[in-house]
Amino acid sequence: MAQIPVQTIHRDPQLFYWILIPITVVMILTGILRHYATVLMATTPKKQELPAIREQRSLLRGINLRTNANAISPVSFQARKDYLVNAYEKGDFLKEPDKKGQAAPNPMTDPAAMEGMMGMMKGNMAMMIPQTLIMGWINAFFSGFVMIKLPFPLTIKFKSMLQAGVATRDMDPQWMSSISWYVLCIFGLQSVFNYLLGSDNAASQMAQQMGQMGPGAGAQMFGPGVDPDKQFQAEAENLSVLAQEYTLVGVEERLLETVRV
Amino acid sequence: MLTERELQINPIVQESVLHNTKTLTTLHNLTASLFGVGAGILGLESYLGFVFYLIFSLITSALVYAFRVRPGIVKEYFRSSIELWTGGLFEGLSGFVLTWTLFYGLVRA
């Protein structure tokens, strides 16, 4: 069988200095800029009124009691449970006790809810704007250059993706144009950002998209449109059906088992 | 698998597990980029490069296992030993491909 000769393309080394390195540097700097922009734009949580804090904290107290129930003795658990369940069911901790039983207000009209949505918008903007700008910049200046060769073979399907802007029919799909180097940078620079900015950085677009898929539980809990009274009732039910088993029961036997005579 | 009662007596602290995983991820990310530099300078192509990456990241995991995780107690720090061996393999891959391509292009240009 005839061996297909390996394509070699002689490229000007200036391509590296004026395209490859600028794109890489710009990508890294954009990531760092995005990280610090996110840090600076993060709004400090608005100071809340006393009843609102009490409502949240007392619900959290029930949840903490439920998770750590096994660490306290049955008597003290019973006392805490009785107090909390009673108070939850009567609605003692509610922000507006007289509004109990009414439907939750429309989240669109609530100013506190708008604040949260603005925060989300800002996060999206910090991701979208640099992406659009850099895409436009690369398309305007560097489109149509064959830059670099991938060290592993690809099927012909990848040709239209990797060689965007280079309309050469017989070129091996391993050759990449500048726009695909940009795409490779998006995926691969995560480790560089991890090294530069620590692992909790906001630099990578990948991490941002991951974060949107699994929203934090904390944001959901006191989010707009959730009726706190319903949450209290559910928590009261959870507490009252909880089977508590004290961890220290039988601790003497367990201790003696570890002692060799 | 631990029963619920044993888990209460010897609890797994979520923060510590998270910290361990994070440290391992950082290590794998960093070493993957360096392996990419190595593979690119050596001029490895196609399967050879991926095999290079596989072998060297397994060696990294083995070193962590030998020096940081004393044999026999791996369960106390990771949910399963699979997590230690394969955890960083996929996270590092994109960084590896990036630096591999870059240095391959620079050296073989």
# chains A, B, ... in the order shown; residues from 1 in each chain; ligands from 1
$ interface_residues --of "chain A" --to "chain B" --cutoff "7 Å" --atoms "only C-alpha atoms" --output "ChimeraX atom specification"
/A:148-153,184-185,187-189,191,194,247
$ residues_around --residues "segment 58-60 of chain B" --least-positions-apart "2" --cutoff "12 Å" --atoms "only C-alpha atoms" --output "VMD selection string"
chain B and resid 24 to 25 27 to 32 34 to 35 51 to 56 62 to 68 82 84 to 90 92
$ write_last_selection --atoms "N, CA and C atoms" --output "compact mmCIF listing (two decimals), in the first residue's frame"
# COMPACT_ATOMS: atom_id res chain seq x y z
N LEU B 24 -4.89 17.70 45.02
CA LEU B 24 -4.55 16.74 43.96
C LEU B 24 -4.82 17.33 42.58
N THR B 25 -5.96 18.05 42.46
CA THR B 25 -6.30 18.64 41.16
C THR B 25 -5.24 19.64 40.73
N LEU B 27 -2.12 19.72 41.62
CA LEU B 27 -0.92 18.97 41.25
C LEU B 27 -1.04 18.39 39.85
N HIS B 28 -2.20 17.79 39.57
CA HIS B 28 -2.36 17.14 38.27
C HIS B 28 -2.38 18.16 37.14
N ASN B 29 -3.04 19.30 37.38
CA ASN B 29 -3.08 20.33 36.35
C ASN B 29 -1.68 20.80 36.00
N LEU B 30 -0.91 21.05 37.05
CA LEU B 30 0.43 21.59 36.84
C LEU B 30 1.32 20.57 36.14
N THR B 31 1.30 19.33 36.64
CA THR B 31 2.18 18.33 36.04
C THR B 31 1.75 18.01 34.62
N ALA B 32 0.43 18.06 34.34
CA ALA B 32 -0.03 17.75 32.99
C ALA B 32 0.57 18.74 32.00
N LEU B 34 3.36 20.33 32.33
CA LEU B 34 4.79 20.05 32.19
C LEU B 34 5.02 18.81 31.34
N PHE B 35 4.16 17.80 31.48
CA PHE B 35 4.28 16.61 30.62
C PHE B 35 4.06 16.99 29.17
N VAL B 51 0.03 7.98 25.32
CA VAL B 51 0.58 6.95 26.19
C VAL B 51 1.57 7.57 27.17
N PHE B 52 2.37 8.49 26.66
CA PHE B 52 3.32 9.24 27.49
C PHE B 52 2.58 9.93 28.64
N TYR B 53 1.49 10.61 28.28
CA TYR B 53 0.72 11.30 29.31
C TYR B 53 0.16 10.32 30.34
N LEU B 54 -0.41 9.23 29.83
CA LEU B 54 -1.03 8.23 30.73
C LEU B 54 0.00 7.69 31.71
N ILE B 55 1.17 7.27 31.17
CA ILE B 55 2.19 6.68 32.02
C ILE B 55 2.67 7.68 33.07
N PHE B 56 2.94 8.92 32.62
CA PHE B 56 3.52 9.85 33.58
C PHE B 56 2.52 10.32 34.61
N ALA B 62 1.20 7.45 41.61
CA ALA B 62 1.90 6.43 42.39
C ALA B 62 2.81 7.07 43.41
N LEU B 63 3.46 8.18 43.02
CA LEU B 63 4.33 8.88 43.98
C LEU B 63 3.52 9.46 45.13
N VAL B 64 2.35 10.06 44.78
CA VAL B 64 1.49 10.58 45.85
C VAL B 64 1.07 9.45 46.77
N TYR B 65 0.72 8.32 46.16
CA TYR B 65 0.28 7.16 46.95
C TYR B 65 1.40 6.69 47.86
N ALA B 66 2.63 6.68 47.35
CA ALA B 66 3.73 6.11 48.13
C ALA B 66 4.18 7.06 49.24
N PHE B 67 4.19 8.35 48.96
CA PHE B 67 4.80 9.25 49.92
C PHE B 67 3.80 10.00 50.78
N ARG B 68 2.58 10.20 50.28
CA ARG B 68 1.64 11.03 51.02
C ARG B 68 0.50 10.23 51.63
N ILE B 82 -10.05 4.61 43.61
CA ILE B 82 -10.18 4.95 42.19
C ILE B 82 -9.98 6.46 42.01
N LEU B 84 -8.16 8.48 43.59
CA LEU B 84 -6.76 8.88 43.60
C LEU B 84 -6.09 8.58 42.27
N TRP B 85 -6.42 7.42 41.70
CA TRP B 85 -5.68 7.00 40.51
C TRP B 85 -6.16 7.66 39.24
N THR B 86 -7.44 7.89 39.11
CA THR B 86 -7.94 8.43 37.84
C THR B 86 -8.42 9.87 37.95
N GLY B 87 -8.46 10.39 39.20
CA GLY B 87 -9.07 11.70 39.41
C GLY B 87 -8.50 12.80 38.53
N GLY B 88 -7.17 12.88 38.49
CA GLY B 88 -6.58 13.98 37.75
C GLY B 88 -6.40 13.72 36.28
N LEU B 89 -6.67 12.49 35.87
CA LEU B 89 -6.32 12.09 34.52
C LEU B 89 -7.04 12.92 33.47
N PHE B 90 -8.35 13.18 33.69
CA PHE B 90 -9.12 13.88 32.67
C PHE B 90 -9.02 15.38 32.83
N GLY B 92 -6.39 17.04 33.65
CA GLY B 92 -5.15 17.54 33.11
C GLY B 92 -5.04 17.43 31.61
$ atom_distance --atom1 "atom CA of Leu162 of chain A" --atom2 "atom CA of Val183 of chain A"
9.1 Å
$ closest_residue --among "A:Arg80, A:Arg260, A:His35, A:Lys46" --to "Leu196 of chain A" --atoms "only C-alpha atoms"
A:His35
$ residues_around --residues "Ile72 of chain A" --least-positions-apart "5" --cutoff "12 Å" --atoms "only C-alpha atoms" --output "list of chain:residue names"
A:Leu65, A:Arg66, A:Thr67, A:Phe77, A:Gln78, A:Ala79, A:Arg80, A:Lys81, A:Gln244, A:Glu245, A:Tyr246, A:Thr247, A:Leu248, A:Val249
$ write_last_selection --atoms "N, CA and C atoms" --output "short mmCIF file (atom, residue, chain, number, x, y, z; two decimals), in the first residue's frame"
data_model
loop_
_atom_site.label_atom_id
_atom_site.label_comp_id
_atom_site.auth_asym_id
_atom_site.auth_seq_id
_atom_site.Cartn_x
_atom_site.Cartn_y
_atom_site.Cartn_z
N LEU A 65 -29.33 21.41 63.62
CA LEU A 65 -29.73 20.44 64.64
C LEU A 65 -29.98 19.09 63.99
N ARG A 66 -30.58 19.12 62.81
CA ARG A 66 -30.90 17.86 62.13
C ARG A 66 -29.62 17.13 61.71
N THR A 67 -28.61 17.89 61.20
CA THR A 67 -27.40 17.19 60.73
C THR A 67 -26.55 16.70 61.89
N PHE A 77 -31.60 16.74 72.84
CA PHE A 77 -32.19 16.77 71.49
C PHE A 77 -33.69 16.97 71.58
N GLN A 78 -34.31 16.23 72.52
CA GLN A 78 -35.77 16.33 72.65
C GLN A 78 -36.17 17.76 72.99
N ALA A 79 -35.44 18.38 73.92
CA ALA A 79 -35.78 19.74 74.33
C ALA A 79 -35.68 20.70 73.16
N ARG A 80 -34.57 20.61 72.39
CA ARG A 80 -34.39 21.50 71.25
C ARG A 80 -35.46 21.25 70.19
N LYS A 81 -35.75 19.97 69.98
CA LYS A 81 -36.73 19.63 68.95
C LYS A 81 -38.10 20.20 69.31
N GLN A 244 -33.21 9.83 66.15
CA GLN A 244 -31.92 10.23 66.69
C GLN A 244 -31.28 9.08 67.42
N GLU A 245 -30.01 8.89 67.17
CA GLU A 245 -29.27 7.82 67.87
C GLU A 245 -27.99 8.42 68.43
N TYR A 246 -27.86 8.40 69.72
CA TYR A 246 -26.75 9.08 70.38
C TYR A 246 -25.45 8.33 70.08
N THR A 247 -24.43 9.07 69.65
CA THR A 247 -23.18 8.42 69.27
C THR A 247 -22.48 7.79 70.46
N LEU A 248 -22.65 8.38 71.64
CA LEU A 248 -21.90 7.90 72.80
C LEU A 248 -22.53 6.66 73.44
N VAL A 249 -23.66 6.18 72.89
CA VAL A 249 -24.25 4.96 73.46
C VAL A 249 -23.29 3.80 73.24
#
$ atom_distance --atom1 "atom CA of Asp172 of chain A" --atom2 "atom CA of Ile156 of chain A"
8.1 Å
$ select_by_dssp --residues "segment 18-207 of chain A" --states "alpha helix (DSSP H)" --output "JSON, numbers by chain"
{"A": [21, 22, 23, 24, 25, 26, 27, 28, 29, 30, 31, 32, 33, 34, 35, 36, 37, 38, 39, 40, 41, 50, 51, 52, 53, 54, 55, 56, 57, 58, 59, 60, 61, 62, 63, 64, 65, 66, 67, 74, 75, 76, 77, 78, 79, 80, 81, 82, 83, 84, 85, 86, 87, 88, 89, 90, 111, 112, 113, 114, 115, 116, 117, 118, 119, 120, 121, 122, 123, 124, 125, 126, 127, 128, 129, 130, 131, 132, 133, 134, 135, 136, 137, 138, 139, 140, 141, 142, 159, 160, 161, 162, 178, 179, 180, 181, 182, 183, 184, 185, 186, 187, 188, 190, 191, 192, 193, 194, 195, 196, 197, 205, 206, 207]}
$ atom_distance --atom1 "atom CA of Lys95 of chain A" --atom2 "atom CA of Gln56 of chain A"
9.2 Å
$ select_by_dssp --residues "segment 38-190 of chain A" --states "strand (DSSP E)" --output "PyMOL selection string"
chain A and resi 146-149+175-177
$ write_last_selection --atoms "N, CA and C atoms" --output "PDB file, in the first residue's frame"
ATOM      1  N   VAL A 146      -2.369  29.749   8.504  1.00  0.00           N
ATOM      2  CA  VAL A 146      -2.143  28.411   9.042  1.00  0.00           C
ATOM      3  C   VAL A 146      -0.999  28.528  10.027  1.00  0.00           C
ATOM      4  N   MET A 147      -1.277  28.081  11.245  1.00  0.00           N
ATOM      5  CA  MET A 147      -0.343  28.409  12.302  1.00  0.00           C
ATOM      6  C   MET A 147       0.483  27.240  12.763  1.00  0.00           C
ATOM      7  N   ILE A 148      -0.179  26.172  13.114  1.00  0.00           N
ATOM      8  CA  ILE A 148       0.497  25.165  13.908  1.00  0.00           C
ATOM      9  C   ILE A 148      -0.115  23.815  13.563  1.00  0.00           C
ATOM     10  N   LYS A 149       0.634  22.775  13.818  1.00  0.00           N
ATOM     11  CA  LYS A 149       0.169  21.424  13.478  1.00  0.00           C
ATOM     12  C   LYS A 149      -0.094  20.667  14.755  1.00  0.00           C
ATOM     13  N   TRP A 175      -3.559  20.531  10.469  1.00  0.00           N
ATOM     14  CA  TRP A 175      -3.111  21.929  10.500  1.00  0.00           C
ATOM     15  C   TRP A 175      -4.189  22.821  11.070  1.00  0.00           C
ATOM     16  N   MET A 176      -3.767  23.751  11.903  1.00  0.00           N
ATOM     17  CA  MET A 176      -4.746  24.583  12.592  1.00  0.00           C
ATOM     18  C   MET A 176      -4.601  26.035  12.195  1.00  0.00           C
ATOM     19  N   SER A 177      -5.750  26.713  12.136  1.00  0.00           N
ATOM     20  CA  SER A 177      -5.698  28.153  11.919  1.00  0.00           C
ATOM     21  C   SER A 177      -5.691  28.852  13.271  1.00  0.00           C
TER      22      SER A 177
END
